[in-house]
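So the structure is just underneath, and the comments pick up after that.
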Amino acid sequence: MVRSAQLTAFATAYVQFAADHPALFELMFAAGLDKARFPELAAAGQALFTELSAPARALCGDEHRARRLIPAIAASAHGHAVFLAQGVLDDLADPLGTARREAAISASALIAGHTG
């Protein structure tokens, strides 16, 4: 339970970061920065992946499945963050709350699919 909570918390934090730091989010993901020229960006991404690996491995039971789960959760959270940033959710009463909640629900569904 704790391990799945860590991964769902990552998904909601990802969306929250995009909302709190829209310019930085845009720069990190839409500017087309070459990670080979900016190795600190690659290092930051690898550090995050490493941080998420332990709970993912514990849930999945093996490295291969964990390596599939982490990007799946990140991709889903990224999609929710982009929809929020692009105003796709603006017609909802609470766009940020909805994006955070849906990112968590998606992460939970992905965890169930990769561990069941």
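Chain identifiers are assigned as A, B, and so on, following the order in which chains appear in the structure tokens; residues are numbered from 1 within each chain, and ligands are numbered from 1 in order of appearance.
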Please provide as a PDB file with N, CA and C atoms, in the first residue's frame all residues within 6 Å of stretch 89-102 of chain A, with the sequence filter that same-chain residues fewer than 5 positions apart are discarded (counting only C-alpha atoms).
```pdb
ATOM      1  N   THR A  12       0.458  12.825  -8.853  1.00  0.00           N
ATOM      2  CA  THR A  12      -0.221  14.069  -8.479  1.00  0.00           C
ATOM      3  C   THR A  12       0.775  15.215  -8.315  1.00  0.00           C
ATOM      4  N   VAL A  15       1.618  16.723 -11.751  1.00  0.00           N
ATOM      5  CA  VAL A  15       0.585  17.654 -12.210  1.00  0.00           C
ATOM      6  C   VAL A  15       0.662  18.961 -11.433  1.00  0.00           C
ATOM      7  N   HIS A  80      -1.996  14.501 -18.288  1.00  0.00           N
ATOM      8  CA  HIS A  80      -2.914  15.305 -17.468  1.00  0.00           C
ATOM      9  C   HIS A  80      -2.357  16.705 -17.244  1.00  0.00           C
ATOM     10  N   LEU A  84      -4.036  20.226 -18.533  1.00  0.00           N
ATOM     11  CA  LEU A  84      -4.254  21.332 -17.603  1.00  0.00           C
ATOM     12  C   LEU A  84      -3.605  22.609 -18.127  1.00  0.00           C
TER      13      LEU A  84
END
```
### Task
Just the residues within 8 Å of A:His114, please, counting only C-alpha atoms, with nothing from its chain fewer than 2 positions along; format it as a PyMOL selection string.
chain A and resi 60+65+69+110-112+116
Please, could you write that set of residues out with N, CA and C atoms as a PDB file, in the first residue's frame?
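And here is the file that came out, selection-v4.pdb:
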```pdb
ATOM      1  N   CYS A  60       6.013  -4.687  -8.422  1.00  0.00           N
ATOM      2  CA  CYS A  60       5.985  -5.525  -9.628  1.00  0.00           C
ATOM      3  C   CYS A  60       6.657  -6.875  -9.444  1.00  0.00           C
ATOM      4  N   ARG A  65       9.213  -5.450 -15.337  1.00  0.00           N
ATOM      5  CA  ARG A  65       7.871  -4.882 -15.174  1.00  0.00           C
ATOM      6  C   ARG A  65       7.929  -3.508 -14.522  1.00  0.00           C
ATOM      7  N   LEU A  69       6.381   0.100 -15.770  1.00  0.00           N
ATOM      8  CA  LEU A  69       5.393   0.812 -14.956  1.00  0.00           C
ATOM      9  C   LEU A  69       5.742   2.284 -14.779  1.00  0.00           C
ATOM     10  N   LEU A 110      -2.788   1.747 -13.545  1.00  0.00           N
ATOM     11  CA  LEU A 110      -1.556   1.219 -14.143  1.00  0.00           C
ATOM     12  C   LEU A 110      -0.830   0.277 -13.179  1.00  0.00           C
ATOM     13  N   ILE A 111      -0.806   0.650 -11.919  1.00  0.00           N
ATOM     14  CA  ILE A 111      -0.177  -0.220 -10.910  1.00  0.00           C
ATOM     15  C   ILE A 111      -0.901  -1.564 -10.863  1.00  0.00           C
ATOM     16  N   ALA A 112      -2.229  -1.520 -10.835  1.00  0.00           N
ATOM     17  CA  ALA A 112      -3.019  -2.761 -10.793  1.00  0.00           C
ATOM     18  C   ALA A 112      -2.752  -3.603 -12.045  1.00  0.00           C
ATOM     19  N   GLY A 116      -0.899  -7.172 -11.243  1.00  0.00           N
ATOM     20  CA  GLY A 116      -1.951  -8.183 -11.044  1.00  0.00           C
ATOM     21  C   GLY A 116      -1.736  -9.456 -11.783  1.00  0.00           C
TER      22      GLY A 116
END
```
### Task
May I ask which of the residues A:Leu41, A:Leu33, A:Leu24, A:Ile70 is the closest one to A:Pro55, counting only C-alpha atoms?
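Going through A:Leu41, A:Leu33, A:Leu24, A:Ile70 one by one, the smallest distance to A:Pro55 is for A:Ile70.
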### Pairwise distance for atom CA of A:His21 and atom CA of A:Val82, rounded to one decimal in Å
12.4 Å
### Task
Would you list the contacts of A:Val2 as a PyMOL selection string, taking every protein, DNA or RNA residue within 12 Å and counting only C-alpha atoms, but skipping same-chain residues closer than 4 positions in sequence?
chain A and resi 6-9+54-56+58-59
Would you mind exporting all heavy atoms of the selected residues as a CSV table (one decimal), in the first residue's frame?
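Contents of selection.csv, as written:
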```
chain,number,residue,atom,x,y,z
A,6,GLN,N,3.3,5.9,-3.0
A,6,GLN,CA,4.4,6.7,-3.4
A,6,GLN,C,4.3,7.0,-4.9
A,6,GLN,O,4.6,8.1,-5.3
A,6,GLN,CB,5.8,5.9,-3.1
A,6,GLN,CG,6.1,5.9,-1.7
A,6,GLN,CD,7.3,5.0,-1.4
A,6,GLN,OE1,7.3,3.8,-1.8
A,6,GLN,NE2,8.3,5.5,-0.8
A,7,LEU,N,3.9,6.0,-5.7
A,7,LEU,CA,3.8,6.2,-7.1
A,7,LEU,C,2.6,7.1,-7.5
A,7,LEU,O,2.7,7.9,-8.4
A,7,LEU,CB,3.8,4.9,-7.8
A,7,LEU,CG,5.0,4.0,-7.7
A,7,LEU,CD1,4.9,2.6,-8.3
A,7,LEU,CD2,6.3,4.7,-8.2
A,8,THR,N,1.5,6.9,-6.8
A,8,THR,CA,0.4,7.8,-7.1
A,8,THR,C,0.7,9.3,-6.6
A,8,THR,O,0.3,10.2,-7.3
A,8,THR,CB,-0.9,7.3,-6.5
A,8,THR,OG1,-0.8,7.2,-5.1
A,8,THR,CG2,-1.4,6.0,-7.1
A,9,ALA,N,1.4,9.4,-5.5
A,9,ALA,CA,1.9,10.7,-5.1
A,9,ALA,C,2.8,11.4,-6.1
A,9,ALA,O,2.7,12.6,-6.3
A,9,ALA,CB,2.6,10.6,-3.7
A,54,ALA,N,12.6,1.7,-6.7
A,54,ALA,CA,12.4,0.8,-5.5
A,54,ALA,C,10.9,0.5,-5.2
A,54,ALA,O,10.6,-0.7,-5.1
A,54,ALA,CB,13.1,1.4,-4.3
A,55,PRO,N,10.0,1.5,-5.1
A,55,PRO,CA,8.6,1.1,-4.9
A,55,PRO,C,8.1,0.3,-6.1
A,55,PRO,O,7.3,-0.6,-5.9
A,55,PRO,CB,7.9,2.4,-4.7
A,55,PRO,CG,8.8,3.5,-5.1
A,55,PRO,CD,10.2,3.0,-5.1
A,56,ALA,N,8.5,0.7,-7.3
A,56,ALA,CA,7.9,0.0,-8.5
A,56,ALA,C,8.4,-1.5,-8.5
A,56,ALA,O,7.6,-2.4,-8.8
A,56,ALA,CB,8.4,0.7,-9.8
A,58,ALA,N,9.3,-3.3,-5.9
A,58,ALA,CA,8.6,-4.0,-4.8
A,58,ALA,C,7.2,-4.4,-5.2
A,58,ALA,O,6.7,-5.4,-4.8
A,58,ALA,CB,8.6,-3.1,-3.6
A,59,LEU,N,6.5,-3.5,-5.9
A,59,LEU,CA,5.2,-3.8,-6.4
A,59,LEU,C,5.1,-4.8,-7.5
A,59,LEU,O,4.3,-5.7,-7.5
A,59,LEU,CB,4.5,-2.5,-6.8
A,59,LEU,CG,4.1,-1.5,-5.7
A,59,LEU,CD1,3.7,-0.2,-6.4
A,59,LEU,CD2,2.9,-2.1,-5.0
```
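Atom CA of A:Gly79 sits 19.7 Å away from atom CA of A:Ala5.
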### Query
Just asking: which residues within chain A are alpha helix (DSSP H) according to DSSP, as a count of residues only?
94
### Message
As an exercise, work out the distance from atom CA of A:Met28 to atom CA of A:His64 in Å and give it to one decimal place.
### Response
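Distance reported for this atom pair: 27.0 Å.
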Can you tell me, as a compact mmCIF listing (two decimals) with N, CA, C and O atoms, in the first residue's frame, what residues are no more than 10 Å from A:Phe10 when counting only C-alpha atoms, ignoring any on the same chain fewer than 3 positions away?
```
# COMPACT_ATOMS: atom_id res chain seq x y z
N SER A 4 2.52 1.78 -3.48
CA SER A 4 1.62 2.30 -4.50
C SER A 4 1.28 3.75 -4.21
O SER A 4 1.15 4.56 -5.13
N ALA A 5 1.18 4.11 -2.93
CA ALA A 5 0.93 5.50 -2.56
C ALA A 5 2.08 6.41 -3.01
O ALA A 5 1.84 7.55 -3.41
N GLN A 6 3.30 5.90 -2.96
CA GLN A 6 4.45 6.69 -3.41
C GLN A 6 4.34 6.99 -4.90
O GLN A 6 4.63 8.11 -5.34
N LEU A 7 3.93 6.02 -5.68
CA LEU A 7 3.83 6.22 -7.12
C LEU A 7 2.64 7.09 -7.50
O LEU A 7 2.74 7.91 -8.41
N ALA A 13 1.95 14.92 -7.81
CA ALA A 13 2.98 15.96 -7.66
C ALA A 13 3.44 16.47 -9.02
O ALA A 13 3.74 17.66 -9.19
N TYR A 14 3.50 15.59 -9.99
CA TYR A 14 3.89 15.96 -11.35
C TYR A 14 2.91 17.00 -11.90
O TYR A 14 3.31 18.04 -12.44
N VAL A 15 1.62 16.72 -11.75
CA VAL A 15 0.59 17.65 -12.21
C VAL A 15 0.66 18.96 -11.43
O VAL A 15 0.58 20.05 -12.01
N GLN A 16 0.86 18.86 -10.13
CA GLN A 16 0.95 20.07 -9.31
C GLN A 16 2.14 20.92 -9.71
O GLN A 16 2.05 22.15 -9.79
N LEU A 48 15.28 10.83 -10.67
CA LEU A 48 13.86 10.59 -10.41
C LEU A 48 13.50 9.14 -10.71
O LEU A 48 12.80 8.49 -9.93
N LEU A 52 12.00 6.29 -8.05
CA LEU A 52 10.74 5.57 -8.25
C LEU A 52 10.94 4.07 -8.46
O LEU A 52 10.00 3.29 -8.35
N ILE A 73 3.26 5.50 -15.78
CA ILE A 73 2.70 6.46 -14.82
C ILE A 73 3.13 7.87 -15.18
O ILE A 73 2.32 8.81 -15.16
N ALA A 74 4.41 8.05 -15.52
CA ALA A 74 4.91 9.38 -15.87
C ALA A 74 4.20 9.91 -17.12
O ALA A 74 3.84 11.10 -17.18
N ALA A 77 0.66 11.00 -16.17
CA ALA A 77 0.71 12.26 -15.40
C ALA A 77 1.06 13.42 -16.32
O ALA A 77 0.49 14.51 -16.20
N ALA A 103 -4.89 11.87 -12.50
CA ALA A 103 -3.52 11.33 -12.56
C ALA A 103 -3.34 10.23 -11.52
O ALA A 103 -2.72 9.19 -11.79
N ALA A 104 -3.88 10.44 -10.33
CA ALA A 104 -3.79 9.43 -9.28
C ALA A 104 -4.58 8.18 -9.63
O ALA A 104 -4.12 7.05 -9.43
N ALA A 107 -2.70 6.34 -12.29
CA ALA A 107 -1.53 5.66 -11.70
C ALA A 107 -1.97 4.39 -10.98
O ALA A 107 -1.34 3.34 -11.14
```
### Query
Neighbours of A:Phe49 within 9 Å (only C-alpha atoms; same-chain residues fewer than 4 positions away dropped), as number ranges by chain?
A: 44-45, 53, 67, 70-71
